[in-house]
file target-v6.txt (compact mmCIF, C-alpha atoms)
# COMPACT_ATOMS: atom_id res chain seq x y z
CA MET D 1 346.27 58.00 149.50
CA ASN D 2 344.42 57.48 152.82
CA SER D 3 346.06 55.62 155.60
CA SER D 4 344.50 52.52 157.15
CA GLU D 5 343.36 54.62 160.14
CA ASP D 6 341.54 57.02 157.80
CA LEU D 7 339.83 54.13 156.06
CA GLU D 8 338.70 52.72 159.39
CA ASP D 9 337.34 56.13 160.42
CA ASP D 10 335.46 56.49 157.14
CA GLY D 11 334.02 53.00 157.53
CA GLN D 12 332.89 53.72 161.07
CA ARG D 13 331.21 56.97 160.03
CA LEU D 14 329.45 55.18 157.17
CA SER D 15 328.25 52.47 159.52
CA ASP D 16 326.98 55.05 162.02
CA SER D 17 325.15 56.99 159.32
CA MET D 18 323.46 53.81 158.08
CA LEU D 19 322.29 52.97 161.58
CA GLU D 20 320.93 56.48 162.05
CA SER D 21 319.08 56.34 158.73
CA ARG D 22 317.23 53.12 159.64
CA PRO D 23 313.62 53.59 160.70
CA SER D 24 313.27 53.40 164.43
CA GLN D 25 311.69 50.19 165.62
CA GLU D 26 309.09 50.05 168.37
CA SER D 27 310.48 49.03 171.69
CA PRO D 28 309.29 45.59 172.74
CA ARG D 29 306.23 45.56 174.96
CA LYS D 30 306.98 45.24 178.63
CA PRO D 31 306.21 41.89 180.23
CA LYS D 32 302.85 41.77 181.94
CA THR D 33 302.79 42.29 185.67
CA ALA D 34 301.19 39.76 187.99
CA TYR D 35 298.14 42.02 188.28
CA GLU D 36 297.77 42.23 184.50
CA LYS D 37 298.04 38.46 184.12
CA ILE D 38 295.35 37.91 186.75
CA ARG D 39 293.14 40.58 185.16
CA ASP D 40 293.47 39.20 181.64
CA THR D 41 292.71 35.69 182.89
CA LEU D 42 289.86 36.50 185.25
CA LEU D 43 287.79 38.98 183.23
CA PRO D 44 287.15 36.69 180.22
CA ILE D 45 286.12 33.89 182.58
CA LEU D 46 283.68 36.12 184.44
CA TYR D 47 282.12 37.95 181.52
CA GLU D 48 282.64 35.87 178.38
CA SER D 49 282.47 32.19 179.37
CA LYS D 50 279.37 30.09 178.66
CA THR D 51 279.22 29.00 182.30
CA PHE D 52 278.73 32.51 183.59
CA ASN D 53 276.30 33.29 180.77
CA ILE D 54 274.19 30.39 182.03
CA PHE D 55 274.51 31.73 185.57
CA GLY D 56 273.33 35.08 184.24
CA ILE D 57 270.17 33.56 182.77
CA ILE D 58 269.45 31.66 185.99
CA TYR D 59 270.07 34.84 187.96
CA ILE D 60 267.57 36.85 185.91
CA VAL D 61 264.92 34.15 186.35
CA LEU D 62 265.49 34.09 190.11
CA VAL D 63 265.32 37.88 190.41
CA ILE D 64 262.09 38.06 188.42
CA GLY D 65 260.55 35.16 190.33
CA ASP D 66 261.49 36.34 193.80
CA GLY D 67 260.74 39.96 192.92
CA ALA D 68 257.23 38.99 191.84
CA PHE D 69 256.76 36.90 194.99
CA PHE D 70 257.92 39.82 197.15
CA PHE D 71 255.53 42.19 195.38
CA PHE D 72 252.56 39.83 195.84
CA MET D 73 253.35 39.39 199.52
CA MET D 74 253.81 43.13 200.02
CA VAL D 75 250.46 44.10 198.47
CA GLY D 76 248.61 41.20 200.09
CA TRP D 77 247.99 39.12 196.96
CA HIS D 78 248.42 35.79 198.69
CA LEU D 79 246.50 33.12 200.53
CA PRO D 80 244.83 34.24 203.77
CA TYR D 81 247.79 33.46 206.00
CA PRO D 82 247.96 34.71 209.58
CA GLU D 83 249.80 38.01 209.75
CA SER D 84 252.82 36.43 211.41
CA VAL D 85 253.13 33.89 208.59
CA SER D 86 252.74 36.45 205.80
CA ARG D 87 255.34 38.67 207.46
CA TRP D 88 257.73 35.73 207.67
CA TRP D 89 257.35 35.01 203.94
CA LEU D 90 257.62 38.71 203.10
CA ASN D 91 260.84 38.99 205.08
CA LEU D 92 262.22 35.82 203.50
CA SER D 93 261.54 37.13 200.00
CA ILE D 94 263.33 40.43 200.66
CA GLN D 95 266.26 38.59 202.24
CA VAL D 96 266.57 36.40 199.14
CA LEU D 97 266.23 39.43 196.87
CA CYS D 98 268.95 41.26 198.78
CA GLY D 99 271.23 38.24 198.44
CA LEU D 100 270.54 38.10 194.71
CA PHE D 101 271.46 41.78 194.36
CA SER D 102 274.73 41.08 196.17
CA TYR D 103 275.73 38.60 193.45
CA PRO D 104 276.37 41.25 190.74
CA ALA D 105 277.96 43.46 193.40
CA LEU D 106 280.55 40.71 193.81
CA ILE D 107 280.86 39.70 190.15
CA ASN D 108 281.23 43.29 188.90
CA LEU D 109 283.97 44.14 191.39
CA PRO D 110 286.88 42.84 189.21
CA TRP D 111 285.49 44.80 186.24
CA LEU D 112 285.26 47.95 188.36
CA ILE D 113 288.80 47.56 189.70
CA ALA D 114 290.26 46.83 186.25
CA HIS D 115 288.68 49.86 184.62
CA THR D 116 289.50 52.14 187.54
CA VAL D 117 293.17 51.17 187.37
CA HIS D 118 293.13 51.51 183.58
CA LEU D 119 291.55 54.96 183.75
CA SER D 120 294.45 56.19 185.87
CA SER D 121 297.07 54.81 183.45
CA PRO D 122 298.68 56.59 180.46
CA SER D 123 296.96 54.15 178.05
CA SER D 124 293.42 55.21 178.97
CA SER D 125 292.77 57.28 175.86
CA PRO D 126 289.58 56.36 173.97
CA GLY D 127 289.84 53.38 171.65
CA VAL D 128 292.52 51.31 173.38
CA ASP D 129 292.11 48.43 175.80
CA PHE D 130 293.85 47.58 179.06
CA ASN D 131 297.08 46.73 177.22
CA GLY D 132 297.08 49.84 175.03
CA SER D 133 295.95 47.96 171.91
CA PRO D 134 293.13 49.15 169.60
CA THR D 135 289.79 47.58 170.50
CA LEU D 136 286.19 47.62 169.32
CA SER D 137 284.84 47.14 172.83
CA ILE D 138 282.64 50.20 173.01
CA PHE D 139 283.19 51.04 176.68
CA PHE D 140 286.85 51.78 175.94
CA HIS D 141 285.72 54.33 173.34
CA LEU D 142 283.86 56.44 175.88
CA PRO D 143 285.58 59.68 176.93
CA PRO D 144 287.58 59.28 180.16
CA SER D 145 285.27 61.73 181.92
CA ALA D 146 282.23 59.62 181.05
CA ARG D 147 283.96 56.42 182.15
CA SER D 148 284.91 58.10 185.41
CA LYS D 149 281.28 59.01 186.15
CA ILE D 150 280.08 55.51 185.30
CA LEU D 151 282.71 53.90 187.50
CA THR D 152 281.83 56.25 190.37
CA LEU D 153 278.15 55.32 190.14
CA LYS D 154 279.02 51.63 189.98
CA PHE D 155 281.27 52.00 193.03
CA ILE D 156 278.40 53.63 194.95
CA ASN D 157 276.06 50.88 193.76
CA ILE D 158 278.38 48.08 194.88
CA SER D 159 279.47 49.60 198.20
CA THR D 160 275.96 50.55 199.30
CA GLN D 161 274.67 47.11 198.32
CA TRP D 162 277.21 45.46 200.59
CA ILE D 163 276.15 47.76 203.42
CA ASN D 164 272.57 46.83 202.64
CA GLN D 165 273.49 43.14 202.74
CA TRP D 166 275.19 43.63 206.10
CA SER D 167 272.08 45.41 207.37
CA ARG D 168 269.88 42.49 206.37
CA ILE D 169 272.20 40.11 208.21
CA LYS D 170 272.36 42.39 211.24
CA TYR D 171 268.57 42.79 211.33
CA PRO D 172 267.30 39.49 209.91
CA THR D 173 263.69 39.43 211.13
CA TYR D 174 260.67 41.35 209.94
CA GLU D 175 260.41 43.15 213.27
CA SER D 176 264.08 44.16 213.52
CA SER D 177 264.27 45.33 209.91
CA ASN D 178 261.14 47.44 210.29
CA SER D 179 262.07 49.20 213.52
CA TYR D 180 264.82 51.74 214.21
CA PRO D 181 267.70 51.55 213.35
CA GLY D 182 267.17 48.52 211.12
CA ASN D 183 264.53 50.21 209.01
CA VAL D 184 266.85 53.14 208.25
CA LEU D 185 269.90 51.05 207.40
CA CYS D 186 268.03 48.48 205.32
CA ASN D 187 265.91 50.92 203.35
CA VAL D 188 268.30 53.84 202.86
CA PHE D 189 271.18 51.75 201.54
CA PHE D 190 268.86 49.62 199.42
CA ALA D 191 267.50 52.79 197.79
CA ALA D 192 270.99 54.26 197.36
CA SER D 193 272.27 51.10 195.71
CA PHE D 194 269.24 50.84 193.44
CA ILE D 195 269.36 54.49 192.34
CA ALA D 196 273.13 54.41 191.70
CA GLY D 197 272.87 51.18 189.72
CA ILE D 198 270.00 52.40 187.54
CA SER D 199 271.59 55.81 187.02
CA GLY D 200 274.93 54.29 186.04
CA GLY D 201 273.30 51.88 183.62
CA ILE D 202 271.20 54.55 181.92
CA TYR D 203 274.12 56.98 181.69
CA GLN D 204 276.33 54.29 180.17
CA LEU D 205 273.69 53.41 177.57
CA LEU D 206 273.33 57.07 176.58
CA GLN D 207 277.09 57.58 176.32
CA GLU D 208 277.51 54.45 174.21
CA LYS D 209 274.68 55.62 171.98
CA ASP D 210 276.59 58.84 171.31
CA VAL D 211 279.69 56.83 170.36
CA ARG D 212 277.65 54.72 167.94
CA LYS D 213 276.28 57.87 166.31
CA ASP D 214 279.82 58.97 165.46
CA ASP D 215 280.73 55.59 163.92
CA ASP D 216 277.71 53.31 163.69
CA ALA D 217 279.47 50.91 161.31
CA ALA D 218 282.16 49.99 163.84
CA PHE D 219 279.90 48.87 166.68
CA GLU D 220 276.96 46.53 167.04
CA ASP D 221 273.60 47.97 168.01
CA GLY D 222 272.99 48.42 171.70
CA PRO D 223 269.66 48.11 173.54
CA LEU D 224 268.58 51.67 172.72
CA GLU D 225 269.38 51.22 169.04
CA LEU D 226 267.50 47.92 168.90
CA ILE D 227 264.44 49.47 170.53
CA GLU D 228 264.50 52.35 168.05
CA LYS D 229 264.98 49.96 165.13
CA VAL D 230 262.05 47.76 166.23
CA ARG D 231 259.87 50.84 166.66
CA ASN D 232 260.66 52.01 163.14
CA MET D 233 259.95 48.55 161.76
CA ARG D 234 256.59 48.48 163.49
CA LYS D 235 255.74 51.90 162.07
CA SER D 236 256.57 50.63 158.59
CA GLY D 237 253.99 47.87 158.99
CA MET D 238 256.30 44.88 159.46
CA THR D 239 254.94 41.89 161.34
CA LEU D 240 256.57 40.51 164.48
CA ASN D 241 258.03 37.55 162.58
CA GLU D 242 259.46 39.86 159.93
CA ILE D 243 261.03 42.05 162.61
CA ILE D 244 262.63 39.05 164.32
CA THR D 245 263.97 37.78 160.99
CA GLU D 246 265.40 41.19 160.12
CA ILE D 247 267.11 41.55 163.48
CA GLN D 248 268.62 38.08 163.18
CA LYS D 249 270.12 39.07 159.83
CA THR D 250 271.96 41.96 161.42
call {"tool": "encode", "arguments": {"input": "target-v6.txt", "output": "structure tokens"}}
result
Amino acid sequence: MNSSEDLEDDGQRLSDSMLESRPSQESPRKPKTAYEKIRDTLLPILYESKTFNIFGIIYIVLVIGDGAFFFFMMVGWHLPYPESVSRWWLNLSIQVLCGLFSYPALINLPWLIAHTVHLSSPSSSPGVDFNGSPTLSIFFHLPPSARSKILTLKFINISTQWINQWSRIKYPTYESSNSYPGNVLCNVFFAASFIAGISGGIYQLLQEKDVRKDDDAAFEDGPLELIEKVRNMRKSGMTLNEIITEIQKT
């Protein structure tokens, strides 16, 4: 017959074995840091709220309008103003255009910082968001190397645009911005910002297209897919109204 000590030992061993046989539970998620709280609050406001969507529409209209005005002034398609007056309007239009280009350079900065920090974290594998949770946001599904290249191009785009903006403030008149060193600073950094922005956008579209090819059911069509779909519809003989209706269904 076992003693009471033996019974206690047997009970303890049984309890330990039961604990060991239980499936391990996931450790609770760590509390968010101050940076993560700010990020998760700020990004939806900047990129998902109706207010900023309205700002985006207004911004596009202003860029198109001022860009057209700048083009007309540059090629001489305007009223027969004296040269000094036409130069003043030409300079004003490029100053406004430069300021408009600085708006996305400011708005996209939180996005750039958030993704740069995320890319250097252990949870940056494709398919998971900032918090390490599965997501259908297609940018998170790009390979880290592709995201790194896109972020680098966006950083060049933003930084050179701010230098360009400084140059336009430093050399505000037509004469100063078209003579050395104003002409070099204003034009070189404008071109660098423009090329980096366009290159980053095109590269991102191509990379996202590759992701959609691998799993087209998981993601909505992007601009390239929509263009290809519309082209195929036109080839099949569909009218414009039929194409619009078909796209709205999807």
call {"tool": "closest_residue", "arguments": {"input": "target-v6.txt", "among": "D:Asp40, D:Tyr103, D:Thr173, D:Val85", "to": "Asp129 in chain D", "atoms": "only C-alpha atoms"}}
result
D:Asp40
call {"tool": "closest_residue", "arguments": {"input": "target-v6.txt", "among": "D:Thr116, D:Gln204, D:Ser176, D:Thr33", "to": "Leu224 in chain D", "atoms": "all atoms listed in the file"}}
result
D:Gln204
call {"tool": "residues_around", "arguments": {"input": "target-v6.txt", "residues": "Asn91 in chain D", "least_positions_apart": "5", "cutoff": "12 Å", "atoms": "only C-alpha atoms", "output": "ChimeraX atom specification"}}
result
/D:66,69-71,73-74,84-86,96-98,168-169,171-178,186
call {"tool": "closest_residue", "arguments": {"input": "target-v6.txt", "among": "D:Phe189, D:Trp88, D:Phe101, D:Trp111", "to": "Leu43 in chain D", "atoms": "all atoms listed in the file"}}
result
D:Trp111
call {"tool": "atom_distance", "arguments": {"input": "target-v6.txt", "atom1": "CA of Ile107 in chain D", "atom2": "CA of Phe219 in chain D"}}
result
25.2 Å
call {"tool": "residues_around", "arguments": {"input": "target-v6.txt", "residues": "Ala192 in chain D", "least_positions_apart": "2", "cutoff": "8 Å", "atoms": "only C-alpha atoms", "output": "PyMOL selection string"}}
result
chain D and resi 156-157+160+188-190+194-196
call {"tool": "residues_near_point", "arguments": {"input": "target-v6.txt", "point": "(275.1, 58.6, 176.0)", "cutoff": "12 Å", "atoms": "all atoms listed in the file", "output": "count of residues only"}}
result
28
call {"tool": "residues_around", "arguments": {"input": "target-v6.txt", "residues": "range 51-57 of chain D", "least_positions_apart": "5", "cutoff": "12 Å", "atoms": "all atoms listed in the file", "output": "tab-separated table (two decimals) with C-alpha atoms, keeping the file's coordinate frame"}}
result
chain	number	residue	atom	x	y	z
D	42	LEU	CA	289.86	36.50	185.25
D	43	LEU	CA	287.79	38.98	183.23
D	44	PRO	CA	287.15	36.69	180.22
D	45	ILE	CA	286.12	33.89	182.58
D	46	LEU	CA	283.68	36.12	184.44
D	62	LEU	CA	265.49	34.09	190.11
D	63	VAL	CA	265.32	37.88	190.41
D	64	ILE	CA	262.09	38.06	188.42
D	100	LEU	CA	270.54	38.10	194.71
D	103	TYR	CA	275.73	38.60	193.45
D	104	PRO	CA	276.37	41.25	190.74
D	107	ILE	CA	280.86	39.70	190.15
call {"tool": "atom_distance", "arguments": {"input": "target-v6.txt", "atom1": "CA of Val61 in chain D", "atom2": "CA of Leu92 in chain D"}}
result
17.4 Å
call {"tool": "closest_residue", "arguments": {"input": "target-v6.txt", "among": "D:Asn164, D:Asn131, D:Ser159, D:Ser125", "to": "Gln95 in chain D", "atoms": "only C-alpha atoms"}}
result
D:Asn164
